[in-house]
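J.: Supplied structure: upload03.txt, compact mmCIF, C-alpha atoms and all ligand atoms.
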```txt
# COMPACT_ATOMS: atom_id res chain seq x y z
CA MET A 23 19.52 150.33 119.47
CA ALA A 24 18.61 151.87 116.19
CA THR A 25 15.48 150.55 114.55
CA ASP A 26 13.34 152.33 112.00
CA GLY A 27 10.21 151.58 113.96
CA THR A 28 9.75 147.98 113.03
CA ARG A 29 12.89 146.61 111.43
CA ALA A 30 16.01 146.06 113.54
CA ASP A 31 19.26 147.61 112.32
CA ILE A 32 21.40 144.46 112.53
CA LYS A 33 24.62 146.13 111.37
CA SER A 34 24.56 148.32 114.49
CA MET A 35 24.37 145.29 116.83
CA MET A 36 27.32 143.96 118.78
CA LEU A 37 27.84 140.22 118.37
CA GLU A 38 26.15 139.34 121.66
CA GLU A 39 23.13 141.44 120.76
CA LEU A 40 22.92 139.84 117.35
CA LYS A 41 23.03 136.41 119.02
CA SER A 42 20.11 137.18 121.29
CA PHE A 43 18.21 138.83 118.47
CA LEU A 44 18.56 135.74 116.28
CA ASP A 45 17.85 133.50 119.24
CA GLU A 46 14.51 135.25 119.71
CA HIS A 47 13.76 134.35 116.13
CA GLY A 48 14.72 130.72 116.60
CA GLU A 49 18.11 130.86 114.86
CA LYS A 50 21.23 129.12 116.19
CA SER A 51 23.99 131.29 117.59
CA PHE A 52 26.62 130.15 115.05
CA ARG A 53 24.44 131.86 112.44
CA ALA A 54 24.93 135.14 114.31
CA ALA A 55 28.70 134.70 114.09
CA GLN A 56 28.44 134.01 110.36
CA ILE A 57 26.24 137.02 109.70
CA TYR A 58 28.46 139.23 111.86
CA GLN A 59 31.50 138.14 109.89
CA TRP A 60 29.78 138.86 106.58
CA MET A 61 28.75 142.31 107.73
CA HIS A 62 31.86 143.48 109.54
CA GLU A 63 34.81 141.51 108.24
CA LYS A 64 33.80 140.74 104.67
CA THR A 65 31.86 144.03 104.43
CA ALA A 66 29.01 142.49 102.43
CA ALA A 67 26.88 145.08 100.66
CA SER A 68 23.81 142.83 100.76
CA PRO A 69 22.61 139.65 102.51
CA ASP A 70 22.64 138.07 99.03
CA GLU A 71 26.42 137.80 99.36
CA MET A 72 26.15 135.61 102.48
CA THR A 73 26.55 132.39 100.53
CA ASN A 74 27.03 130.05 103.49
CA LEU A 75 23.60 130.95 104.90
CA PRO A 76 20.45 129.11 103.88
CA LYS A 77 18.53 131.10 101.28
CA SER A 78 15.54 131.29 103.62
CA LEU A 79 17.65 133.05 106.25
CA ARG A 80 19.00 135.54 103.72
CA GLU A 81 15.47 136.28 102.57
CA TRP A 82 14.32 136.66 106.17
CA ILE A 83 17.08 139.22 106.84
CA LYS A 84 16.07 141.18 103.76
CA ARG A 85 12.43 141.11 104.72
CA GLU A 86 12.54 141.57 108.49
CA CYS A 87 15.74 143.51 109.17
CA ARG A 88 17.15 146.82 108.14
CA TYR A 89 20.38 146.07 106.27
CA VAL A 90 22.26 149.37 105.98
CA SER A 91 24.38 149.63 102.85
CA LEU A 92 25.27 153.10 101.63
CA LYS A 93 24.76 153.98 98.02
CA PRO A 94 27.66 155.83 96.40
CA VAL A 95 26.20 158.65 94.32
CA GLN A 96 29.39 160.53 93.43
CA GLU A 97 33.09 159.89 93.56
CA TYR A 98 35.79 162.50 93.00
CA ILE A 99 39.39 161.39 92.55
CA SER A 100 42.24 163.83 92.99
CA ARG A 101 44.74 163.89 90.15
CA ILE A 102 47.34 165.30 92.52
CA ASP A 103 47.53 162.70 95.28
CA GLY A 104 44.85 160.07 94.71
CA THR A 105 42.57 161.33 97.50
CA ARG A 106 39.01 160.19 96.89
CA LYS A 107 35.88 161.92 98.10
CA TYR A 108 32.55 160.13 98.18
CA LEU A 109 28.99 161.21 98.49
CA PHE A 110 26.78 158.45 99.86
CA GLU A 111 23.03 158.36 99.89
CA LEU A 112 21.25 157.03 102.97
CA GLU A 113 17.96 155.13 102.97
CA ASP A 114 16.00 158.27 103.79
CA GLY A 115 17.51 160.17 100.85
CA ASN A 116 19.97 162.23 102.90
CA VAL A 117 23.52 162.42 101.58
CA ILE A 118 26.79 162.41 103.53
CA GLU A 119 30.42 162.71 102.53
CA SER A 120 33.50 160.65 103.34
CA VAL A 121 37.12 160.87 102.21
CA LEU A 122 39.88 158.33 101.55
CA MET A 123 43.41 159.69 101.96
CA LYS A 124 46.50 157.71 101.09
CA TYR A 125 49.57 158.18 103.21
CA LYS A 126 52.87 156.35 103.34
CA HIS A 127 51.82 154.75 106.61
CA GLY A 128 48.49 153.51 105.25
CA ASN A 129 45.03 154.49 104.11
CA SER A 130 42.94 156.78 106.21
CA VAL A 131 39.19 157.29 105.92
CA CYS A 132 37.51 160.41 107.24
CA ILE A 133 33.87 159.79 108.10
CA SER A 134 30.82 161.89 108.93
CA SER A 135 29.04 161.30 112.23
CA GLN A 136 25.85 163.30 111.64
CA VAL A 137 23.81 164.65 108.75
CA GLY A 138 24.54 168.35 109.20
CA CYS A 139 25.61 169.67 112.59
CA ARG A 140 24.21 171.97 115.26
CA MET A 141 27.43 173.37 116.67
CA GLY A 142 27.46 176.45 114.43
CA CYS A 143 31.22 176.98 113.99
CA ARG A 144 31.49 180.11 111.87
CA PHE A 145 33.86 178.83 109.17
CA CYS A 146 32.33 175.38 108.73
CA ALA A 147 29.99 174.45 105.87
CA SER A 148 28.52 171.38 107.60
CA THR A 149 26.62 173.44 110.10
CA LEU A 150 25.00 176.04 107.80
CA ASP A 151 21.62 174.27 107.73
CA GLY A 152 21.80 172.91 111.26
CA LEU A 153 21.47 169.29 112.31
CA GLU A 154 19.31 167.00 110.21
CA ARG A 155 19.87 163.81 112.23
CA ASN A 156 22.40 161.56 113.92
CA LEU A 157 23.99 158.74 111.95
CA THR A 158 23.51 155.22 113.26
CA ALA A 159 26.58 153.10 114.06
CA SER A 160 25.88 151.10 110.90
CA GLU A 161 25.90 154.26 108.76
CA MET A 162 29.26 155.27 110.22
CA LEU A 163 30.70 151.78 109.76
CA ASP A 164 29.44 151.43 106.23
CA GLN A 165 31.33 154.55 105.08
CA VAL A 166 34.51 152.64 105.89
CA TYR A 167 33.21 149.34 104.53
CA ARG A 168 32.03 150.71 101.18
CA ILE A 169 35.24 152.61 100.60
CA GLN A 170 37.34 149.55 101.42
CA SER A 171 35.30 147.29 99.16
CA MET A 172 35.02 149.71 96.25
CA THR A 173 38.71 150.57 96.17
CA GLY A 174 40.11 147.23 97.30
CA GLU A 175 42.40 149.28 99.55
CA ARG A 176 42.75 148.13 103.14
CA VAL A 177 41.77 150.92 105.52
CA SER A 178 44.18 151.20 108.44
CA ASN A 179 43.14 154.50 110.03
CA VAL A 180 39.80 156.15 110.64
CA VAL A 181 39.28 159.76 111.61
CA VAL A 182 35.88 161.00 112.75
CA MET A 183 36.42 164.49 111.36
CA GLY A 184 33.82 164.77 108.64
CA SER A 185 30.47 166.49 109.02
CA GLY A 186 28.91 166.42 112.46
CA GLU A 187 29.97 166.58 116.07
CA PRO A 188 30.76 162.98 117.09
CA LEU A 189 30.35 163.58 120.81
CA ASP A 190 26.86 164.95 120.13
CA ASN A 191 26.06 161.43 118.90
CA TYR A 192 27.81 159.68 121.77
CA ASP A 193 26.14 156.27 122.05
CA ASN A 194 26.25 155.56 118.33
CA LEU A 195 29.86 156.70 118.18
CA LEU A 196 30.86 154.28 120.95
CA ARG A 197 29.05 151.42 119.29
CA PHE A 198 30.82 152.30 116.03
CA ILE A 199 34.25 152.27 117.71
CA HIS A 200 33.62 148.96 119.47
CA ILE A 201 32.47 147.21 116.31
CA LEU A 202 35.21 148.72 114.12
CA THR A 203 38.03 147.85 116.53
CA GLY A 204 36.65 144.63 118.00
CA GLU A 205 37.36 141.07 116.97
CA GLY A 206 35.27 139.63 114.20
CA GLY A 207 35.20 142.92 112.31
CA LEU A 208 37.90 144.92 110.53
CA HIS A 209 39.71 144.85 113.87
CA ILE A 210 41.39 148.22 113.34
CA SER A 211 43.60 149.18 116.25
CA GLN A 212 42.07 151.76 118.59
CA ARG A 213 45.32 153.66 118.33
CA ASN A 214 44.50 154.26 114.68
CA ILE A 215 41.16 155.93 115.41
CA THR A 216 40.87 159.68 116.00
CA VAL A 217 37.73 161.44 117.19
CA SER A 218 37.58 165.20 116.78
CA THR A 219 35.38 167.38 119.01
CA CYS A 220 34.60 171.07 119.24
CA GLY A 221 34.86 170.66 123.02
CA LEU A 222 31.76 169.18 124.67
CA VAL A 223 33.22 168.91 128.15
CA PRO A 224 30.89 166.37 129.83
CA GLN A 225 31.17 163.97 126.89
CA MET A 226 34.96 164.38 126.75
CA ARG A 227 35.14 163.32 130.37
CA ARG A 228 32.77 160.46 129.77
CA LEU A 229 34.92 159.31 126.86
CA ALA A 230 38.02 159.48 129.07
CA ASN A 231 36.28 157.16 131.52
CA GLU A 232 35.76 154.56 128.79
CA LYS A 233 39.55 154.15 128.82
CA LEU A 234 39.86 153.49 125.12
CA SER A 235 43.16 153.91 123.28
CA ILE A 236 41.73 156.21 120.63
CA THR A 237 43.14 159.68 119.99
CA LEU A 238 41.04 162.66 120.97
CA ALA A 239 41.45 165.78 118.86
CA LEU A 240 40.18 169.08 120.20
CA SER A 241 39.18 171.89 117.86
CA LEU A 242 40.77 174.73 119.77
CA HIS A 243 41.10 177.46 117.12
CA ALA A 244 41.92 180.24 119.59
CA PRO A 245 43.92 180.64 122.81
CA SER A 246 41.33 182.84 124.53
CA ASP A 247 37.61 182.53 125.17
CA GLU A 248 37.14 185.98 123.71
CA VAL A 249 38.35 185.00 120.23
CA ARG A 250 37.11 181.44 120.49
CA ARG A 251 33.56 182.63 121.11
CA THR A 252 33.60 184.62 117.88
CA LEU A 253 34.42 181.45 115.94
CA MET A 254 32.62 178.74 117.89
CA PRO A 255 29.28 179.24 119.68
CA VAL A 256 30.04 176.17 121.83
CA ALA A 257 32.71 178.25 123.57
CA LYS A 258 29.90 180.21 125.21
CA THR A 259 28.76 177.03 126.96
CA TYR A 260 32.15 175.58 127.92
CA ALA A 261 34.95 177.91 128.98
CA LEU A 262 38.47 177.21 127.80
CA PRO A 263 39.94 176.30 131.21
CA ASP A 264 37.25 173.61 131.58
CA VAL A 265 37.86 172.31 128.07
CA LEU A 266 41.59 172.07 128.70
CA ASP A 267 40.97 170.39 132.06
CA ALA A 268 38.92 167.79 130.23
CA CYS A 269 41.89 167.27 127.84
CA ARG A 270 44.20 166.85 130.80
CA TYR A 271 41.76 164.36 132.30
CA TYR A 272 41.61 162.47 129.00
CA PHE A 273 45.39 162.14 129.01
CA GLU A 274 45.47 161.02 132.65
CA GLN A 275 42.80 158.38 132.14
CA THR A 276 43.95 156.97 128.82
CA GLY A 277 47.64 157.83 128.50
CA ARG A 278 46.85 159.19 125.04
CA ARG A 279 48.06 162.64 124.10
CA VAL A 280 45.42 164.99 122.82
CA THR A 281 45.80 166.65 119.41
CA PHE A 282 44.83 170.31 119.15
CA GLU A 283 43.42 171.52 115.86
CA TYR A 284 43.88 175.16 115.07
CA SER A 285 42.37 176.55 111.86
CA LEU A 286 44.20 179.72 110.91
CA VAL A 287 41.89 182.52 109.87
CA SER A 288 43.53 185.65 108.53
CA GLY A 289 43.41 188.55 110.96
CA VAL A 290 41.34 186.60 113.50
CA ASN A 291 43.58 184.11 115.31
CA ASP A 292 46.87 184.03 113.40
CA ASN A 293 49.15 186.65 114.94
CA LEU A 294 52.20 185.93 117.05
CA GLU A 295 50.49 187.26 120.16
CA GLU A 296 48.07 184.36 119.78
CA ALA A 297 50.91 181.93 119.15
CA ARG A 298 52.46 183.10 122.40
CA ALA A 299 49.23 182.67 124.35
CA LEU A 300 48.77 179.23 122.80
CA THR A 301 52.24 178.19 123.92
CA GLY A 302 51.38 179.18 127.48
CA LEU A 303 48.11 177.27 127.42
CA LEU A 304 49.51 174.03 126.06
CA LYS A 305 52.86 173.90 127.82
CA ASP A 306 51.91 171.28 130.37
CA LEU A 307 49.55 169.33 128.12
CA HIS A 308 52.20 167.61 125.97
CA GLY A 309 49.81 167.71 123.07
CA HIS A 310 50.40 168.11 119.42
CA VAL A 311 49.12 171.10 117.44
CA ASN A 312 47.77 170.61 113.95
CA LEU A 313 47.54 173.91 112.07
CA ILE A 314 44.83 173.97 109.39
CA PRO A 315 44.90 176.82 106.88
CA VAL A 316 41.19 177.76 106.84
CA ASN A 317 39.26 176.64 103.82
CA PRO A 318 37.12 179.62 102.86
CA ILE A 319 33.44 178.85 102.28
CA ARG A 320 31.20 180.81 99.98
CA GLU A 321 28.69 181.72 102.68
CA ARG A 322 31.20 183.43 104.99
CA ASN A 323 33.91 185.96 104.40
CA PHE A 324 36.86 184.40 106.19
CA THR A 325 40.17 184.33 104.41
CA ARG A 326 43.15 182.11 104.86
CA SER A 327 46.35 183.39 106.42
CA ASP A 328 49.11 183.62 103.89
CA ARG A 329 51.95 181.16 103.78
CA LYS A 330 54.40 183.49 105.52
CA GLU A 331 52.09 184.02 108.49
CA ILE A 332 51.37 180.31 108.77
CA GLU A 333 55.11 179.52 108.78
CA ALA A 334 55.81 182.22 111.35
CA PHE A 335 53.05 180.86 113.60
CA ARG A 336 54.42 177.37 113.31
CA HIS A 337 57.97 178.51 113.90
CA TYR A 338 56.98 180.32 117.08
CA LEU A 339 55.29 177.25 118.54
CA GLU A 340 58.15 174.99 117.56
CA LYS A 341 60.77 177.28 119.03
CA ASN A 342 58.84 177.20 122.28
CA GLY A 343 58.76 173.45 122.55
CA ILE A 344 55.31 172.72 121.11
CA ASN A 345 55.00 169.81 118.77
CA VAL A 346 53.36 171.17 115.62
CA THR A 347 52.46 170.19 112.07
CA ILE A 348 50.69 172.03 109.28
CA ARG A 349 47.94 169.89 107.87
CA ARG A 350 48.95 168.67 104.47
CA GLU A 351 46.21 169.57 102.09
CA MET A 352 44.96 166.45 100.47
CA GLY A 353 43.00 166.42 97.24
CA GLN A 354 43.09 170.16 96.76
CA ASP A 355 41.78 169.92 93.23
CA ILE A 356 38.61 168.19 94.47
CA ASP A 357 38.43 170.14 97.64
CA GLY A 358 35.62 171.93 99.18
CA ALA A 359 35.70 172.65 102.85
CA CYS A 360 34.13 170.13 105.18
CA GLY A 361 30.48 169.69 104.18
CA GLN A 362 30.69 171.65 100.93
CA LEU A 363 30.41 168.72 98.54
CA ARG A 364 27.16 167.72 100.11
CA ARG A 365 25.81 171.24 99.84
CA SER A 366 26.73 171.64 96.19
CA TYR A 367 25.18 168.25 95.42
CA ILE A 368 21.92 169.16 97.17
CA ASP A 369 21.83 172.56 95.41
CA LYS A 370 22.30 170.95 91.99
CA LYS A 371 19.64 168.36 92.74
CA LYS A 372 17.19 171.11 93.69
CA GLU A 373 17.82 172.80 90.35
CA ILE A 374 17.03 169.57 88.47
CA ASP A 375 13.92 168.61 90.50
N1 LIG B 401 32.74 168.50 115.10
C1 LIG B 401 34.11 168.05 115.11
C2 LIG B 401 34.57 167.52 113.76
C3 LIG B 401 34.46 168.59 112.72
S1 LIG B 401 35.50 168.80 111.36
C4 LIG B 401 35.01 169.17 115.58
O1 LIG B 401 34.55 170.30 115.72
O2 LIG B 401 36.18 168.92 115.83
C5 LIG B 401 37.16 168.64 111.74
C6 LIG B 401 37.97 169.93 111.86
O3 LIG B 401 37.89 170.77 110.71
C7 LIG B 401 37.54 170.77 113.04
O4 LIG B 401 38.68 171.22 113.71
C8 LIG B 401 36.82 171.93 112.35
O5 LIG B 401 36.78 173.05 113.18
C9 LIG B 401 37.66 172.09 111.12
N2 LIG B 401 37.02 172.82 110.02
C10 LIG B 401 35.74 172.79 109.62
N3 LIG B 401 35.53 173.60 108.55
C11 LIG B 401 36.73 174.14 108.27
C12 LIG B 401 37.18 175.06 107.28
N4 LIG B 401 36.34 175.58 106.39
N5 LIG B 401 38.49 175.39 107.28
C13 LIG B 401 39.35 174.87 108.19
N6 LIG B 401 38.98 174.00 109.15
C14 LIG B 401 37.69 173.65 109.19
```
Turn this file's structure into structure tokens for me.
T.:
Amino acid sequence: MATDGTRADIKSMMLEELKSFLDEHGEKSFRAAQIYQWMHEKTAASPDEMTNLPKSLREWIKRECRYVSLKPVQEYISRIDGTRKYLFELEDGNVIESVLMKYKHGNSVCISSQVGCRMGCRFCASTLDGLERNLTASEMLDQVYRIQSMTGERVSNVVVMGSGEPLDNYDNLLRFIHILTGEGGLHISQRNITVSTCGLVPQMRRLANEKLSITLALSLHAPSDEVRRTLMPVAKTYALPDVLDACRYYFEQTGRRVTFEYSLVSGVNDNLEEARALTGLLKDLHGHVNLIPVNPIRERNFTRSDRKEIEAFRHYLEKNGINVTIRREMGQDIDGACGQLRRSYIDKKKEID
């Protein structure tokens, strides 16, 4: 479990762990249930809010434990659709970004799972400086908690699609899912959680074996290894047939259909030949394809396919029996591709310092 050397990260503990931890310190187990409820159901930003605990216990938590509570440093609100983007500062000074999107069916929060990323996808801003560190379960949870408490909006869906590769931070991700969906916390249904991966095959299989009801999204982005390798270095480690086998296995083990993300990059993966190959690949997988018009980033020279090409690509898939949507672009006026807000914030800060 995450500790910063000496102080235990109590927000990353499951209830049973918190009970034994408090027991070791001579506290009764009903106190663990109270603290757990304050942290995970009432989303308390500080132990000071835990008014039914004796003051001495609150002080002890503040002194002896690590109480993770993210500090919002910037908030951007879209004038178009109310999407909100947040930059949060962590205890060590790193910053991460999270997004709240409002849909008819509820509010969805997109969280980061790592500071930076080491997967190196060519069009992604999160990976430009490599991986800084993994987020703890508490740091993933608190993105949801802070957004829910600051906005007063109940969060019904969580997507792990922000910066980072969630399956590269497997144990913390699992802990995060169990606490977020378990009783005594926000108790969000596992069906309302989506985890997106670039395709780490062993971890996808391991996740399938957990038999959770969460949705797995695979960043596919090309129907052949040849093109995929030009966009995603991870494709050199795991070949497409193995990645798709892992998707099939995920479906068999969990009964949950996999979503395939496909970012359309002009002239790279957006012609009808590719749409045809994609249809062949996915025919027996019963998955859903989510087309994402690529968000160009300053550091790379990719451009987005134009509307006509995107529509033609979609039409081809649809005509051939593939379930497909084009990702609605939320908060376009405050947009920056995945990981760009954080970069521009860090750049500005460097200029000031
Ligand atoms: N590491 C996970 C989560 C990353 S972000 C993964 O690879 O799935 C979620 C999705 O956004 C991924 O499909 C990713 O490839 C895509 N993405 C990242 N930057 C993008 C950009 N600039 N334009 C379009 N899609 C992008």
J.: Kindly give the distance, in Å, that separates atom N5 of ligand LIG 401 (chain B) and atom CA of Pro263 of chain A, rounded to a single decimal.
T.: 24.0 Å
J.: At most 9 Å is the cut-off: for each residue in segment 128-180 of chain A with any atom that close to an atom of segment 304-323 of chain A, write down the nearest atom pair and the distance in Å rounded to one decimal, counting only C-alpha atoms, chain first then increasing number, as JSON lines.
T.:
```
{"residue": "A:Arg144", "atom": "CA", "partner": "A:Arg322", "partner_atom": "CA", "distance": 7.6}
{"residue": "A:Phe145", "atom": "CA", "partner": "A:Arg322", "partner_atom": "CA", "distance": 6.8}
{"residue": "A:Cys146", "atom": "CA", "partner": "A:Ile319", "partner_atom": "CA", "distance": 7.4}
{"residue": "A:Ala147", "atom": "CA", "partner": "A:Ile319", "partner_atom": "CA", "distance": 6.6}
{"residue": "A:Leu150", "atom": "CA", "partner": "A:Glu321", "partner_atom": "CA", "distance": 8.5}
```
J.: May I ask which of the residues A:Ser134, A:Thr252, A:Ser211, A:Asn116 is the closest one to ligand LIG 401 (chain B), counting all atoms listed in the file?
T.: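 Smallest distance to ligand LIG 401 (chain B) is found for A:Ser134.
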J.: Nearest residue to ligand LIG 401 (chain B) out of A:Gln136, A:Ser91, A:Asn214, A:Gln225, using only C-alpha atoms and all ligand atoms?
T.: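 Under the stated criterion, the closest residue is A:Gln136.
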J.: Please return as a PyMOL selection string the residues found within 8 Å of ligand LIG 401 (chain B), counting only C-alpha atoms and all ligand atoms.
T.: chain A and resi 139+141+143+145-148+182-189+217-221+239-243+283-286+314-319+359-361
J.: Could you take the residues named above and write them with C-alpha atoms, as a JSON list (two decimals), keeping the file's coordinate frame?
T.:
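Saved to selection_17.json:
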```
[["chain", "number", "residue", "atom", "x", "y", "z"],
["A", 139, "CYS", "CA", 25.61, 169.67, 112.59],
["A", 141, "MET", "CA", 27.43, 173.37, 116.67],
["A", 143, "CYS", "CA", 31.22, 176.98, 113.99],
["A", 145, "PHE", "CA", 33.86, 178.83, 109.17],
["A", 146, "CYS", "CA", 32.33, 175.38, 108.73],
["A", 147, "ALA", "CA", 29.99, 174.45, 105.87],
["A", 148, "SER", "CA", 28.52, 171.38, 107.60],
["A", 182, "VAL", "CA", 35.88, 161.00, 112.75],
["A", 183, "MET", "CA", 36.42, 164.49, 111.36],
["A", 184, "GLY", "CA", 33.82, 164.77, 108.64],
["A", 185, "SER", "CA", 30.47, 166.49, 109.02],
["A", 186, "GLY", "CA", 28.91, 166.42, 112.46],
["A", 187, "GLU", "CA", 29.97, 166.58, 116.07],
["A", 188, "PRO", "CA", 30.76, 162.98, 117.09],
["A", 189, "LEU", "CA", 30.35, 163.58, 120.81],
["A", 217, "VAL", "CA", 37.73, 161.44, 117.19],
["A", 218, "SER", "CA", 37.58, 165.20, 116.78],
["A", 219, "THR", "CA", 35.38, 167.38, 119.01],
["A", 220, "CYS", "CA", 34.60, 171.07, 119.24],
["A", 221, "GLY", "CA", 34.86, 170.66, 123.02],
["A", 239, "ALA", "CA", 41.45, 165.78, 118.86],
["A", 240, "LEU", "CA", 40.18, 169.08, 120.20],
["A", 241, "SER", "CA", 39.18, 171.89, 117.86],
["A", 242, "LEU", "CA", 40.77, 174.73, 119.77],
["A", 243, "HIS", "CA", 41.10, 177.46, 117.12],
["A", 283, "GLU", "CA", 43.42, 171.52, 115.86],
["A", 284, "TYR", "CA", 43.88, 175.16, 115.07],
["A", 285, "SER", "CA", 42.37, 176.55, 111.86],
["A", 286, "LEU", "CA", 44.20, 179.72, 110.91],
["A", 314, "ILE", "CA", 44.83, 173.97, 109.39],
["A", 315, "PRO", "CA", 44.90, 176.82, 106.88],
["A", 316, "VAL", "CA", 41.19, 177.76, 106.84],
["A", 317, "ASN", "CA", 39.26, 176.64, 103.82],
["A", 318, "PRO", "CA", 37.12, 179.62, 102.86],
["A", 319, "ILE", "CA", 33.44, 178.85, 102.28],
["A", 359, "ALA", "CA", 35.70, 172.65, 102.85],
["A", 360, "CYS", "CA", 34.13, 170.13, 105.18],
["A", 361, "GLY", "CA", 30.48, 169.69, 104.18]]
```
J.: Give the answer as one residue: which of A:Ser100, A:Ala55, A:Gly138, A:Ser34 has the shortest atom-to-atom distance to Glu351 of chain A, using all atoms listed in the file?
T.: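 Of A:Ser100, A:Ala55, A:Gly138, A:Ser34, the one nearest Glu351 of chain A, counting all atoms listed in the file, is A:Ser100.
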J.: Of the candidates A:Leu79, A:Asp31, A:Pro224, A:Leu294, which shows the shortest atom-to-atom distance to Lys50 of chain A, using only C-alpha atoms?
T.: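 Answer, going by the shortest atom-to-atom distance: A:Leu79.
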J.: Please measure the separation of atom CA of Arg101 of chain A and atom CA of Lys126 of chain A, giving the value in Å to one decimal.
T.: 17.2 Å
J.: From the list A:Ala30, A:Leu37, A:Ala268, A:Ala244, which residue is nearest Gly207 of chain A when using all atoms listed in the file?
T.: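 Checking each of A:Ala30, A:Leu37, A:Ala268, A:Ala244 against Gly207 of chain A, counting all atoms listed in the file, the winner is A:Leu37.
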J.: Using Å and a single decimal, report how far atom CA of Glu175 of chain A sits from atom CA of Gly115 of chain A.
T.: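 Between these atoms lies a distance of 27.2 Å.
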J.: Between A:Asp355, A:Asp190, A:Asp164, A:Glu46, single out the one closest to Lys64 of chain A, counting all atoms listed in the file.
T.: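 Answer, going by the shortest atom-to-atom distance: A:Asp164.
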J.: Need the shell around Asp247 of chain A: protein/DNA/RNA residues with any atom at most 10 Å away, counting all atoms listed in the file. Skip same-chain ones fewer than 6 positions apart. Format as a VMD selection string?
T.: chain A and resid 253 to 254 257 to 258 260 to 263
J.: Determine, counting all atoms listed in the file, every residue of protein, DNA or RNA that lies within 7 Å of (21.0, 148.0, 112.1) in the file coordinates, then give the result as JSON, numbers by chain.
T.: {"A": [24, 25, 30, 31, 32, 33, 34, 35, 88, 89, 90, 160]}
J.: Would you mind exporting the chosen residues as a short mmCIF file (atom, residue, chain, number, x, y, z; two decimals), keeping the file's coordinate frame, restricted to C-alpha atoms?
T.:
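Printed below is out_26.cif as written:
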```
data_model
loop_
_atom_site.label_atom_id
_atom_site.label_comp_id
_atom_site.auth_asym_id
_atom_site.auth_seq_id
_atom_site.Cartn_x
_atom_site.Cartn_y
_atom_site.Cartn_z
CA ALA A 24 18.61 151.87 116.19
CA THR A 25 15.48 150.55 114.55
CA ALA A 30 16.01 146.06 113.54
CA ASP A 31 19.26 147.61 112.32
CA ILE A 32 21.40 144.46 112.53
CA LYS A 33 24.62 146.13 111.37
CA SER A 34 24.56 148.32 114.49
CA MET A 35 24.37 145.29 116.83
CA ARG A 88 17.15 146.82 108.14
CA TYR A 89 20.38 146.07 106.27
CA VAL A 90 22.26 149.37 105.98
CA SER A 160 25.88 151.10 110.90
#
```
J.: Considering only C-alpha atoms, return as a VMD selection string whatever protein or nucleic-acid residues lie within 12 Å of Ile99 of chain A, sequence-local ones (same chain, fewer than 2 positions apart) excluded.
T.: chain A and resid 96 to 97 101 to 109 121 to 124 173 352 to 357
